[in-house]
Amino acid sequence: GFKNAIAGADKAIVVTTPEVSAIREYVANGGTVYASGVTSLRDNEGNLKDNFMLNDLFGVNFEGEFDIKPNYIAPISDNIPELFGTYTRRYPHMLEEKMLKVKANSTSGKILATVTLPISDSSDKDIFSSGLSDPPIIETDYIALYENKFGKGKVIYSAGKLENDKFNDNMKLFTSIVSRLVGEFRVNLDGPN
């Protein structure tokens, strides 16, 4: 199951009780947070929890992990081009990794996108739909991106780790999410081009 799949992965992703309280207070007072994947599923001893320790902040509950990849991020509406660009519900955004299964636990937030699965698993070498792709076809009601209000602040939770993916379109989506949270921003680098 899921606990075995990530037993050796992301060992450094732990959140202590004081950190949980500090993050919750920060957002309640008007802060913004982007969180993804297994964030807050481990306590400070590294133990896997049954649910996110920050599930009230994220607005979603953990229900497991998809066992097929790639996964697709299907916008709930085609009317958010500033976030998804040219990706639509019919032609969703691909994420190479497996995403978590999450469902909303809040009525103060909104679903931005759901998970769509490919017709076959890219790692299965016996059953495939195409030699060159794993087209999105199986729509789910699991959440890919959720925007939640908490106190005076806002959180966007992603069931997959967009920030780890090096594809240009995934970086664009991640940047768009950050912009949605904090408004326009600029990054200055001091180093060679």
# chains A, B, ... in the order shown; residues from 1 in each chain; ligands from 1

$ select_by_dssp --residues "range 18-80 of chain A" --states "strand (DSSP E or B)" --output "PyMOL selection string"
chain A and resi 32-36+42+48+60-65+71-75

$ write_last_selection --atoms "all heavy atoms" --output "tab-separated table (two decimals), in the first residue's frame"
chain	number	residue	atom	x	y	z
A	32	THR	N	-0.12	33.32	3.13
A	32	THR	CA	-0.46	32.41	2.04
A	32	THR	C	0.54	31.27	2.01
A	32	THR	O	1.72	31.46	2.31
A	32	THR	CB	-0.45	33.13	0.68
A	32	THR	OG1	0.83	33.72	0.47
A	32	THR	CG2	-1.52	34.20	0.62
A	33	VAL	N	0.06	30.09	1.65
A	33	VAL	CA	0.91	28.90	1.63
A	33	VAL	C	0.56	28.05	0.40
A	33	VAL	O	-0.61	27.88	0.07
A	33	VAL	CB	0.70	28.05	2.91
A	33	VAL	CG1	1.29	26.65	2.76
A	33	VAL	CG2	1.28	28.74	4.12
A	34	TYR	N	1.61	27.55	-0.26
A	34	TYR	CA	1.47	26.51	-1.26
A	34	TYR	C	2.01	25.24	-0.63
A	34	TYR	O	3.09	25.23	-0.04
A	34	TYR	CB	2.28	26.84	-2.52
A	34	TYR	CG	2.46	25.64	-3.45
A	34	TYR	CD1	1.43	25.27	-4.32
A	34	TYR	CD2	3.62	24.87	-3.42
A	34	TYR	CE1	1.57	24.17	-5.15
A	34	TYR	CE2	3.77	23.77	-4.25
A	34	TYR	CZ	2.75	23.42	-5.11
A	34	TYR	OH	2.88	22.32	-5.93
A	35	ALA	N	1.25	24.14	-0.71
A	35	ALA	CA	1.70	22.86	-0.17
A	35	ALA	C	1.39	21.79	-1.21
A	35	ALA	O	0.47	21.94	-2.02
A	35	ALA	CB	0.98	22.55	1.13
A	36	SER	N	2.17	20.71	-1.19
A	36	SER	CA	1.97	19.67	-2.17
A	36	SER	C	2.30	18.30	-1.61
A	36	SER	O	3.00	18.17	-0.60
A	36	SER	CB	2.83	19.93	-3.41
A	36	SER	OG	4.20	19.83	-3.07
A	42	ARG	N	3.73	13.30	7.80
A	42	ARG	CA	4.68	12.70	8.75
A	42	ARG	C	4.83	13.62	9.96
A	42	ARG	O	4.92	14.83	9.81
A	42	ARG	CB	6.05	12.52	8.12
A	42	ARG	CG	6.14	11.44	7.09
A	42	ARG	CD	7.60	11.27	6.66
A	42	ARG	NE	7.74	10.33	5.60
A	42	ARG	CZ	7.79	9.00	5.76
A	42	ARG	NH1	7.73	8.49	6.95
A	42	ARG	NH2	7.92	8.21	4.71
A	48	LEU	N	4.20	8.05	9.61
A	48	LEU	CA	3.13	8.40	8.68
A	48	LEU	C	1.81	8.49	9.42
A	48	LEU	O	1.46	7.63	10.21
A	48	LEU	CB	3.03	7.33	7.60
A	48	LEU	CG	3.48	7.83	6.26
A	48	LEU	CD1	4.46	6.88	5.66
A	48	LEU	CD2	2.33	8.07	5.35
A	60	VAL	N	-8.44	19.63	2.42
A	60	VAL	CA	-8.59	18.30	1.84
A	60	VAL	C	-8.15	17.22	2.82
A	60	VAL	O	-7.35	17.47	3.71
A	60	VAL	CB	-7.78	18.13	0.52
A	60	VAL	CG1	-8.27	19.07	-0.56
A	60	VAL	CG2	-6.29	18.32	0.75
A	61	ASN	N	-8.71	16.03	2.64
A	61	ASN	CA	-8.32	14.86	3.41
A	61	ASN	C	-7.59	13.88	2.51
A	61	ASN	O	-7.93	13.71	1.34
A	61	ASN	CB	-9.55	14.14	3.98
A	61	ASN	CG	-10.20	14.92	5.10
A	61	ASN	OD1	-9.53	15.62	5.86
A	61	ASN	ND2	-11.51	14.81	5.21
A	62	PHE	N	-6.60	13.21	3.07
A	62	PHE	CA	-5.81	12.20	2.38
A	62	PHE	C	-6.58	10.90	2.31
A	62	PHE	O	-7.14	10.44	3.30
A	62	PHE	CB	-4.49	12.00	3.14
A	62	PHE	CG	-3.69	10.83	2.66
A	62	PHE	CD1	-3.02	10.88	1.47
A	62	PHE	CD2	-3.62	9.67	3.43
A	62	PHE	CE1	-2.28	9.81	1.02
A	62	PHE	CE2	-2.87	8.59	2.99
A	62	PHE	CZ	-2.21	8.66	1.79
A	63	GLU	N	-6.62	10.27	1.12
A	63	GLU	CA	-7.31	8.99	0.96
A	63	GLU	C	-6.45	7.91	0.30
A	63	GLU	O	-6.93	6.81	0.05
A	63	GLU	CB	-8.61	9.17	0.16
A	63	GLU	CG	-9.62	10.01	0.90
A	63	GLU	CD	-11.01	9.96	0.28
A	63	GLU	OE1	-11.20	9.25	-0.73
A	63	GLU	OE2	-11.88	10.64	0.82
A	64	GLY	N	-5.19	8.21	-0.01
A	64	GLY	CA	-4.32	7.21	-0.63
A	64	GLY	C	-3.52	7.80	-1.77
A	64	GLY	O	-3.36	9.01	-1.88
A	65	GLU	N	-3.02	6.91	-2.63
A	65	GLU	CA	-2.20	7.33	-3.77
A	65	GLU	C	-2.64	6.54	-5.00
A	65	GLU	O	-3.00	5.38	-4.91
A	65	GLU	CB	-0.73	7.02	-3.46
A	65	GLU	CG	0.21	7.39	-4.58
A	65	GLU	CD	1.65	6.96	-4.31
A	65	GLU	OE1	1.85	5.83	-3.82
A	65	GLU	OE2	2.55	7.75	-4.59
A	71	ASN	N	-0.09	11.13	-14.28
A	71	ASN	CA	-1.38	11.64	-13.87
A	71	ASN	C	-1.57	12.98	-14.56
A	71	ASN	O	-0.61	13.64	-14.95
A	71	ASN	CB	-1.45	11.82	-12.36
A	71	ASN	CG	-1.46	10.50	-11.59
A	71	ASN	OD1	-1.39	10.49	-10.39
A	71	ASN	ND2	-1.54	9.36	-12.27
A	72	TYR	N	-2.82	13.35	-14.73
A	72	TYR	CA	-3.14	14.59	-15.44
A	72	TYR	C	-3.94	15.52	-14.54
A	72	TYR	O	-4.79	15.06	-13.76
A	72	TYR	CB	-3.92	14.30	-16.72
A	72	TYR	CG	-3.12	13.55	-17.74
A	72	TYR	CD1	-3.06	12.17	-17.73
A	72	TYR	CD2	-2.40	14.23	-18.71
A	72	TYR	CE1	-2.31	11.48	-18.67
A	72	TYR	CE2	-1.64	13.55	-19.65
A	72	TYR	CZ	-1.60	12.17	-19.62
A	72	TYR	OH	-0.85	11.49	-20.55
A	73	ILE	N	-3.66	16.81	-14.66
A	73	ILE	CA	-4.34	17.85	-13.89
A	73	ILE	C	-5.36	18.50	-14.82
A	73	ILE	O	-4.99	19.24	-15.73
A	73	ILE	CB	-3.33	18.88	-13.36
A	73	ILE	CG1	-2.30	18.18	-12.48
A	73	ILE	CG2	-4.03	20.02	-12.63
A	73	ILE	CD1	-1.08	19.04	-12.15
A	74	ALA	N	-6.64	18.19	-14.59
A	74	ALA	CA	-7.71	18.67	-15.45
A	74	ALA	C	-8.41	19.87	-14.80
A	74	ALA	O	-9.05	19.70	-13.76
A	74	ALA	CB	-8.71	17.56	-15.72
A	75	PRO	N	-8.26	21.07	-15.37
A	75	PRO	CA	-8.93	22.24	-14.79
A	75	PRO	C	-10.43	21.98	-14.66
A	75	PRO	O	-11.05	21.39	-15.54
A	75	PRO	CB	-8.68	23.35	-15.82
A	75	PRO	CG	-7.52	22.89	-16.63
A	75	PRO	CD	-7.57	21.39	-16.62

$ residues_around --residues "Glu139 in chain A" --least-positions-apart "4" --cutoff "9 Å" --atoms "only C-alpha atoms" --output "PyMOL selection string"
chain A and resi 74+114-118

$ atom_distance --atom1 "CA of Arg24 in chain A" --atom2 "CA of Lys152 in chain A"
10.9 Å

$ residues_around --residues "Ser158 in chain A" --least-positions-apart "6" --cutoff "10 Å" --atoms "only C-alpha atoms" --output "list of chain:residue names"
A:Tyr34, A:Ala35, A:Ser36, A:Gly37, A:Val38, A:Thr39, A:Phe58, A:Ile73, A:Met99, A:Leu100, A:Val102, A:Leu112, A:Ala113, A:Ile143, A:Ala144, A:Leu145, A:Tyr146, A:Glu147, A:Phe174, A:Ile177

$ atom_distance --atom1 "CA of Leu57 in chain A" --atom2 "CA of Asn29 in chain A"
12.4 Å

$ atom_distance --atom1 "CA of Asn105 in chain A" --atom2 "CA of Ala159 in chain A"
14.4 Å

$ closest_residue --among "A:Glu163, A:Gly31, A:Pro136, A:Ile111" --to "Lys69 in chain A" --atoms "only C-alpha atoms"
A:Pro136

$ select_by_dssp --residues "range 31-117 of chain A" --states "alpha helix (DSSP H)" --output "list in words"
Asn55, Asp56, Leu57, Phe58, Pro81, Glu82, Leu83 and Phe84 of chain A

$ write_last_selection --atoms "N, CA and C atoms" --output "PDB file, in the first residue's frame"
ATOM      1  N   ASN A  55      -4.748  19.238   7.509  1.00  0.00           N
ATOM      2  CA  ASN A  55      -5.881  19.003   6.612  1.00  0.00           C
ATOM      3  C   ASN A  55      -6.917  20.123   6.684  1.00  0.00           C
ATOM      4  N   ASP A  56      -7.078  20.760   7.830  1.00  0.00           N
ATOM      5  CA  ASP A  56      -8.032  21.877   7.923  1.00  0.00           C
ATOM      6  C   ASP A  56      -7.530  23.079   7.133  1.00  0.00           C
ATOM      7  N   LEU A  57      -6.238  23.267   7.119  1.00  0.00           N
ATOM      8  CA  LEU A  57      -5.618  24.367   6.381  1.00  0.00           C
ATOM      9  C   LEU A  57      -5.679  24.097   4.870  1.00  0.00           C
ATOM     10  N   PHE A  58      -5.353  22.875   4.454  1.00  0.00           N
ATOM     11  CA  PHE A  58      -5.364  22.505   3.038  1.00  0.00           C
ATOM     12  C   PHE A  58      -6.786  22.433   2.493  1.00  0.00           C
ATOM     13  N   PRO A  81      -7.569  30.664 -17.692  1.00  0.00           N
ATOM     14  CA  PRO A  81      -6.373  30.582 -18.535  1.00  0.00           C
ATOM     15  C   PRO A  81      -5.141  31.184 -17.869  1.00  0.00           C
ATOM     16  N   GLU A  82      -5.305  32.121 -16.944  1.00  0.00           N
ATOM     17  CA  GLU A  82      -4.143  32.703 -16.262  1.00  0.00           C
ATOM     18  C   GLU A  82      -3.437  31.670 -15.396  1.00  0.00           C
ATOM     19  N   LEU A  83      -4.116  30.594 -15.060  1.00  0.00           N
ATOM     20  CA  LEU A  83      -3.519  29.531 -14.264  1.00  0.00           C
ATOM     21  C   LEU A  83      -3.046  28.374 -15.144  1.00  0.00           C
ATOM     22  N   PHE A  84      -3.873  27.945 -16.069  1.00  0.00           N
ATOM     23  CA  PHE A  84      -3.591  26.738 -16.833  1.00  0.00           C
ATOM     24  C   PHE A  84      -3.144  26.985 -18.270  1.00  0.00           C
TER      25      PHE A  84
END

$ residues_around --residues "Glu19 in chain A" --least-positions-apart "3" --cutoff "12 Å" --atoms "only C-alpha atoms" --output "VMD selection string"
chain A and resid 14 to 16 22 to 26 39 to 40 43 to 44 53 to 54

$ write_last_selection --atoms "C-alpha atoms" --output "short mmCIF file (atom, residue, chain, number, x, y, z; two decimals), in the first residue's frame"
data_model
loop_
_atom_site.label_atom_id
_atom_site.label_comp_id
_atom_site.auth_asym_id
_atom_site.auth_seq_id
_atom_site.Cartn_x
_atom_site.Cartn_y
_atom_site.Cartn_z
CA VAL A 14 8.36 15.97 8.55
CA VAL A 15 6.41 18.66 10.33
CA THR A 16 6.72 19.19 14.06
CA ALA A 22 3.04 28.30 13.46
CA ILE A 23 1.86 27.59 9.90
CA ARG A 24 -1.78 27.54 10.99
CA GLU A 25 -1.35 30.86 12.84
CA TYR A 26 0.52 32.43 9.90
CA THR A 39 3.37 17.68 3.21
CA SER A 40 2.38 17.16 6.87
CA ASP A 43 5.10 13.81 12.33
CA ASN A 44 8.40 14.95 13.84
CA MET A 53 -1.78 17.26 10.13
CA LEU A 54 -2.76 20.45 8.26
#
